[in-house]
Amino acid sequence: MDFLLGGCAATCAGIFSNPFDVIKTRQQLHGELMTKVTTSGDVGHGGTPSQPRNPYRSVFKSFRTILKSEGILGLQKGLVSALAFQFTMNSVRLGIYQTAENYEWTRGDTKAGTVFYSILWGGFSGVIGSTIACPLYMIKTQIQARSHGKYAVGYQHRHTSTLAALSGIYRSQGVRGLWRGYHGIATRTAIGSSAQLGTFSTFKDFFVQFEFFRESVAFTAFAASMISGFFTCVFMSPFDVIATRLFNQGVDANGKGLMYRSVVDCFMKTLRAEGLHGLYKGFVPNYWRIAPHTILNLTFWDQFKAWRDLYFG
């Protein structure tokens, strides 16, 4: 039951956060391995702009660009694969973490020990969940990145649906192709899940000391989620950029990435070409994705558990 509740909670949250996920993906891929000056539309040598201005330079601008070029449905690109990923990954991730909490494996002899074990189990459960759901994340990224003309960013994959993408990749690259870039999402999720679940549990325990929060599961989860979302975004964003680029890059005839060989290779190339700014591309929409998603996901999760305990004992 804990596994099912975790998946349902994440799926409910994913519907609201997906537009920011689309924007985040576009911003992370815009100007890939190019300097900031080259991609900003600034005047270069000779007094001429080097490229058109960035159509995704802010959240508001990104909304306008996507609505103008792709319509309202463009903001929900990749929704099927995104929800499938959320359900699969979080049913495993939150189910494992809740099991660890039920057996008090996340509890230490001291508060510091509890934080450590919460982070440890958060990271472990995240890696297991992302390992299973990896192909869905790859398809989600590739579909969300797809645009056309001057608004296209990164490598453009031509998937028509989630099932068509999965079957096409399997036919051309085999099972291994479905887990290409796995190390990127494993690193991303290990760090993100550790930060999210570790801080969520810590701040939830803090808030329940106050009578106002003890009277409402929803308010306690909401307050803890707001803080958890911030820490998650700060620690996870660079690895989120890396995962997006690893999954979206094209491949050669042997299924090898055309731009990056590994997480370290992607990190170093991005840092050299774009600086620290490149590793935090899409930070603002990522926060607006993570914060509401964390709030909704963990609030739904706690509320579902409360209803389970109420009606099923």
# chains A, B, ... in the order shown; residues from 1 in each chain; ligands from 1
>>> residues_around(residues="A:Val80", least_positions_apart="3", cutoff="12 Å", atoms="only C-alpha atoms", output="NGL selection string")
:A and (11 or 14-15 or 18 or 76-77 or 83-87 or 136-137 or 139-141 or 143-144 or 160-163 or 165)
>>> select_by_dssp(residues="stretch 61-174 of chain A", states="alpha helix (DSSP H)", output="PDB file with C-alpha atoms, in the first residue's frame")
ATOM      1  CA  LYS A  61       9.544  34.626 -21.883  1.00  0.00           C
ATOM      2  CA  SER A  62       9.563  30.826 -22.084  1.00  0.00           C
ATOM      3  CA  PHE A  63       5.806  30.672 -21.478  1.00  0.00           C
ATOM      4  CA  ARG A  64       5.248  33.206 -24.260  1.00  0.00           C
ATOM      5  CA  THR A  65       7.583  31.423 -26.667  1.00  0.00           C
ATOM      6  CA  ILE A  66       5.991  28.005 -26.158  1.00  0.00           C
ATOM      7  CA  LEU A  67       2.445  29.344 -26.331  1.00  0.00           C
ATOM      8  CA  LYS A  68       3.265  31.275 -29.508  1.00  0.00           C
ATOM      9  CA  SER A  69       5.038  28.435 -31.309  1.00  0.00           C
ATOM     10  CA  GLU A  70       3.264  25.337 -29.981  1.00  0.00           C
ATOM     11  CA  LEU A  79       3.018  14.572 -19.896  1.00  0.00           C
ATOM     12  CA  VAL A  80       2.302  10.868 -20.419  1.00  0.00           C
ATOM     13  CA  SER A  81       5.917   9.818 -20.011  1.00  0.00           C
ATOM     14  CA  ALA A  82       6.377  12.334 -17.166  1.00  0.00           C
ATOM     15  CA  LEU A  83       3.448  10.912 -15.195  1.00  0.00           C
ATOM     16  CA  ALA A  84       4.530   7.346 -15.945  1.00  0.00           C
ATOM     17  CA  PHE A  85       7.995   8.230 -14.667  1.00  0.00           C
ATOM     18  CA  GLN A  86       6.614   9.915 -11.549  1.00  0.00           C
ATOM     19  CA  PHE A  87       4.374   6.985 -10.691  1.00  0.00           C
ATOM     20  CA  THR A  88       7.043   4.335 -11.305  1.00  0.00           C
ATOM     21  CA  MET A  89       9.930   6.150  -9.650  1.00  0.00           C
ATOM     22  CA  ASN A  90       8.061   7.491  -6.635  1.00  0.00           C
ATOM     23  CA  SER A  91       6.051   4.365  -5.910  1.00  0.00           C
ATOM     24  CA  VAL A  92       9.410   2.655  -5.426  1.00  0.00           C
ATOM     25  CA  ARG A  93      11.236   5.617  -3.854  1.00  0.00           C
ATOM     26  CA  LEU A  94       8.582   6.657  -1.349  1.00  0.00           C
ATOM     27  CA  GLY A  95       7.566   3.055  -0.703  1.00  0.00           C
ATOM     28  CA  ILE A  96      11.103   2.081   0.266  1.00  0.00           C
ATOM     29  CA  TYR A  97      11.546   5.223   2.355  1.00  0.00           C
ATOM     30  CA  GLN A  98       8.232   4.698   4.173  1.00  0.00           C
ATOM     31  CA  THR A  99       9.198   1.083   4.874  1.00  0.00           C
ATOM     32  CA  ALA A 100      12.489   2.321   6.349  1.00  0.00           C
ATOM     33  CA  GLU A 101      10.555   4.786   8.517  1.00  0.00           C
ATOM     34  CA  ASN A 102       8.099   2.089   9.624  1.00  0.00           C
ATOM     35  CA  LYS A 111      19.071  14.271  15.974  1.00  0.00           C
ATOM     36  CA  ALA A 112      22.200  14.384  13.833  1.00  0.00           C
ATOM     37  CA  GLY A 113      22.044  10.611  13.495  1.00  0.00           C
ATOM     38  CA  THR A 114      18.410  10.791  12.399  1.00  0.00           C
ATOM     39  CA  VAL A 115      19.241  13.398   9.754  1.00  0.00           C
ATOM     40  CA  PHE A 116      22.109  11.223   8.495  1.00  0.00           C
ATOM     41  CA  TYR A 117      19.981   8.088   8.207  1.00  0.00           C
ATOM     42  CA  SER A 118      17.143  10.043   6.592  1.00  0.00           C
ATOM     43  CA  ILE A 119      19.543  11.362   3.949  1.00  0.00           C
ATOM     44  CA  LEU A 120      21.064   7.911   3.469  1.00  0.00           C
ATOM     45  CA  TRP A 121      17.714   6.182   2.971  1.00  0.00           C
ATOM     46  CA  GLY A 122      16.459   9.055   0.842  1.00  0.00           C
ATOM     47  CA  GLY A 123      19.394   8.675  -1.520  1.00  0.00           C
ATOM     48  CA  PHE A 124      19.202   4.886  -1.601  1.00  0.00           C
ATOM     49  CA  SER A 125      15.473   4.818  -2.325  1.00  0.00           C
ATOM     50  CA  GLY A 126      15.935   7.474  -5.026  1.00  0.00           C
ATOM     51  CA  VAL A 127      18.613   5.462  -6.831  1.00  0.00           C
ATOM     52  CA  ILE A 128      16.472   2.310  -6.838  1.00  0.00           C
ATOM     53  CA  GLY A 129      13.428   4.204  -8.083  1.00  0.00           C
ATOM     54  CA  SER A 130      15.311   6.037 -10.832  1.00  0.00           C
ATOM     55  CA  THR A 131      17.023   2.827 -11.953  1.00  0.00           C
ATOM     56  CA  ILE A 132      13.667   1.229 -12.668  1.00  0.00           C
ATOM     57  CA  ALA A 133      12.093   4.354 -14.222  1.00  0.00           C
ATOM     58  CA  CYS A 134      15.165   5.515 -16.212  1.00  0.00           C
ATOM     59  CA  PRO A 135      13.748   4.852 -19.740  1.00  0.00           C
ATOM     60  CA  LEU A 136      10.647   6.929 -18.989  1.00  0.00           C
ATOM     61  CA  TYR A 137      12.757   9.890 -17.852  1.00  0.00           C
ATOM     62  CA  MET A 138      14.803   9.732 -21.039  1.00  0.00           C
ATOM     63  CA  ILE A 139      11.669   9.742 -23.221  1.00  0.00           C
ATOM     64  CA  LYS A 140      10.141  12.562 -21.174  1.00  0.00           C
ATOM     65  CA  THR A 141      13.239  14.705 -21.677  1.00  0.00           C
ATOM     66  CA  GLN A 142      13.446  14.054 -25.407  1.00  0.00           C
ATOM     67  CA  ILE A 143       9.756  14.818 -26.008  1.00  0.00           C
ATOM     68  CA  GLN A 144       9.839  17.981 -23.873  1.00  0.00           C
ATOM     69  CA  ALA A 145      12.890  19.265 -25.793  1.00  0.00           C
ATOM     70  CA  THR A 162       5.888   7.416 -25.352  1.00  0.00           C
ATOM     71  CA  LEU A 163       5.219   3.854 -26.546  1.00  0.00           C
ATOM     72  CA  ALA A 164       6.588   4.589 -30.015  1.00  0.00           C
ATOM     73  CA  ALA A 165       9.736   6.059 -28.459  1.00  0.00           C
ATOM     74  CA  LEU A 166      10.299   3.081 -26.171  1.00  0.00           C
ATOM     75  CA  SER A 167       9.778   0.546 -28.962  1.00  0.00           C
ATOM     76  CA  GLY A 168      11.869   2.558 -31.445  1.00  0.00           C
ATOM     77  CA  ILE A 169      14.836   2.856 -29.086  1.00  0.00           C
ATOM     78  CA  TYR A 170      14.581  -0.829 -28.188  1.00  0.00           C
ATOM     79  CA  ARG A 171      14.570  -1.882 -31.870  1.00  0.00           C
ATOM     80  CA  SER A 172      17.528   0.316 -32.800  1.00  0.00           C
ATOM     81  CA  GLN A 173      19.679   0.129 -29.660  1.00  0.00           C
ATOM     82  CA  GLY A 174      18.368  -2.795 -27.629  1.00  0.00           C
TER      83      GLY A 174
END
>>> closest_residue(among="A:His277, A:Pro292, A:Lys150, A:Thr202", to="A:Arg107", atoms="only C-alpha atoms")
A:Thr202
>>> residues_around(residues="stretch 253-270 of chain A", least_positions_apart="6", cutoff="10 Å", atoms="only C-alpha atoms", output="PyMOL selection string")
chain A and resi 32-35+155+169+172-174+176-177+180-185+187+238-239+241-243+245-247+276-279
>>> atom_distance(atom1="atom CA of A:Phe300", atom2="atom CA of A:Arg26")
28.2 Å
>>> residues_around(residues="A:Val153", least_positions_apart="4", cutoff="10 Å", atoms="only C-alpha atoms", output="number ranges by chain")
A: 25-32, 56, 145-149
>>> atom_distance(atom1="atom CA of A:Leu197", atom2="atom CA of A:Tyr311")
25.8 Å
>>> atom_distance(atom1="atom CA of A:Ala291", atom2="atom CA of A:Thr232")
8.5 Å
>>> closest_residue(among="A:Leu296, A:Leu75, A:Ala190, A:Ala224", to="A:Val22", atoms="only C-alpha atoms")
A:Leu75
>>> closest_residue(among="A:Gly282, A:Ser17, A:Lys24, A:Asn54", to="A:Tyr151", atoms="only C-alpha atoms")
A:Asn54
>>> decode(residues="stretch 256-268 of chain A", atoms="all heavy atoms", output="compact mmCIF listing (two decimals), in the first residue's frame")
# COMPACT_ATOMS: atom_id res chain seq x y z
N LYS A 256 26.50 5.16 -28.93
CA LYS A 256 27.33 6.01 -28.07
C LYS A 256 26.90 7.47 -28.23
O LYS A 256 26.56 7.92 -29.32
CB LYS A 256 28.80 5.87 -28.44
CG LYS A 256 29.37 4.46 -28.24
CD LYS A 256 29.47 4.12 -26.77
CE LYS A 256 30.10 2.74 -26.57
NZ LYS A 256 31.50 2.71 -26.96
N GLY A 257 26.93 8.23 -27.13
CA GLY A 257 26.55 9.62 -27.16
C GLY A 257 27.45 10.44 -28.08
O GLY A 257 28.66 10.23 -28.12
N LEU A 258 26.86 11.39 -28.81
CA LEU A 258 27.62 12.21 -29.75
C LEU A 258 28.39 13.33 -29.06
O LEU A 258 29.36 13.84 -29.61
CB LEU A 258 26.68 12.82 -30.79
CG LEU A 258 25.95 11.84 -31.71
CD1 LEU A 258 25.00 12.59 -32.63
CD2 LEU A 258 26.95 11.02 -32.53
N MET A 259 27.97 13.73 -27.85
CA MET A 259 28.58 14.88 -27.19
C MET A 259 29.27 14.53 -25.87
O MET A 259 30.29 15.12 -25.53
CB MET A 259 27.52 15.95 -26.93
CG MET A 259 26.87 16.49 -28.19
SD MET A 259 25.63 17.77 -27.86
CE MET A 259 26.68 19.13 -27.34
N TYR A 260 28.70 13.58 -25.12
CA TYR A 260 29.23 13.30 -23.78
C TYR A 260 29.42 11.80 -23.59
O TYR A 260 28.61 10.98 -24.04
CB TYR A 260 28.25 13.80 -22.71
CG TYR A 260 27.77 15.22 -22.93
CD1 TYR A 260 26.46 15.47 -23.34
CD2 TYR A 260 28.61 16.31 -22.73
CE1 TYR A 260 26.00 16.75 -23.54
CE2 TYR A 260 28.16 17.61 -22.93
CZ TYR A 260 26.85 17.82 -23.35
OH TYR A 260 26.40 19.10 -23.54
N ARG A 261 30.48 11.45 -22.87
CA ARG A 261 30.77 10.05 -22.58
C ARG A 261 30.24 9.62 -21.23
O ARG A 261 29.95 8.44 -21.02
CB ARG A 261 32.28 9.81 -22.62
CG ARG A 261 32.94 10.07 -23.97
CD ARG A 261 34.39 9.60 -23.96
NE ARG A 261 35.14 10.20 -22.85
CZ ARG A 261 35.76 11.38 -22.92
NH1 ARG A 261 35.70 12.10 -24.05
NH2 ARG A 261 36.44 11.85 -21.89
N SER A 262 30.15 10.57 -20.28
CA SER A 262 29.81 10.22 -18.91
C SER A 262 29.34 11.45 -18.16
O SER A 262 29.36 12.57 -18.70
CB SER A 262 31.03 9.62 -18.21
OG SER A 262 32.06 10.60 -18.10
N VAL A 263 28.95 11.25 -16.91
CA VAL A 263 28.56 12.37 -16.04
C VAL A 263 29.72 13.34 -15.87
O VAL A 263 29.54 14.56 -15.99
CB VAL A 263 28.10 11.84 -14.66
CG1 VAL A 263 27.90 13.00 -13.69
CG2 VAL A 263 26.82 11.04 -14.80
N VAL A 264 30.91 12.81 -15.61
CA VAL A 264 32.09 13.66 -15.40
C VAL A 264 32.42 14.42 -16.67
O VAL A 264 32.74 15.63 -16.63
CB VAL A 264 33.29 12.83 -14.93
CG1 VAL A 264 34.55 13.69 -14.85
CG2 VAL A 264 33.00 12.18 -13.58
N ASP A 265 32.36 13.76 -17.82
CA ASP A 265 32.66 14.41 -19.09
C ASP A 265 31.68 15.55 -19.37
O ASP A 265 32.09 16.64 -19.78
CB ASP A 265 32.59 13.37 -20.22
CG ASP A 265 33.01 13.95 -21.57
OD1 ASP A 265 34.08 14.59 -21.62
OD2 ASP A 265 32.27 13.76 -22.55
N CYS A 266 30.39 15.31 -19.11
CA CYS A 266 29.37 16.35 -19.32
C CYS A 266 29.60 17.51 -18.35
O CYS A 266 29.50 18.68 -18.75
CB CYS A 266 27.98 15.75 -19.12
SG CYS A 266 26.64 16.92 -19.41
N PHE A 267 29.90 17.19 -17.12
CA PHE A 267 30.15 18.23 -16.10
C PHE A 267 31.32 19.13 -16.51
O PHE A 267 31.21 20.35 -16.49
CB PHE A 267 30.43 17.57 -14.75
CG PHE A 267 30.68 18.54 -13.63
CD1 PHE A 267 29.63 18.99 -12.85
CD2 PHE A 267 31.96 18.99 -13.35
CE1 PHE A 267 29.85 19.90 -11.81
CE2 PHE A 267 32.20 19.89 -12.32
CZ PHE A 267 31.14 20.34 -11.55
N MET A 268 32.42 18.52 -16.91
CA MET A 268 33.61 19.29 -17.24
C MET A 268 33.43 20.10 -18.51
O MET A 268 33.85 21.27 -18.58
CB MET A 268 34.82 18.34 -17.37
CG MET A 268 35.21 17.65 -16.08
SD MET A 268 35.50 18.81 -14.70
CE MET A 268 36.87 19.77 -15.36
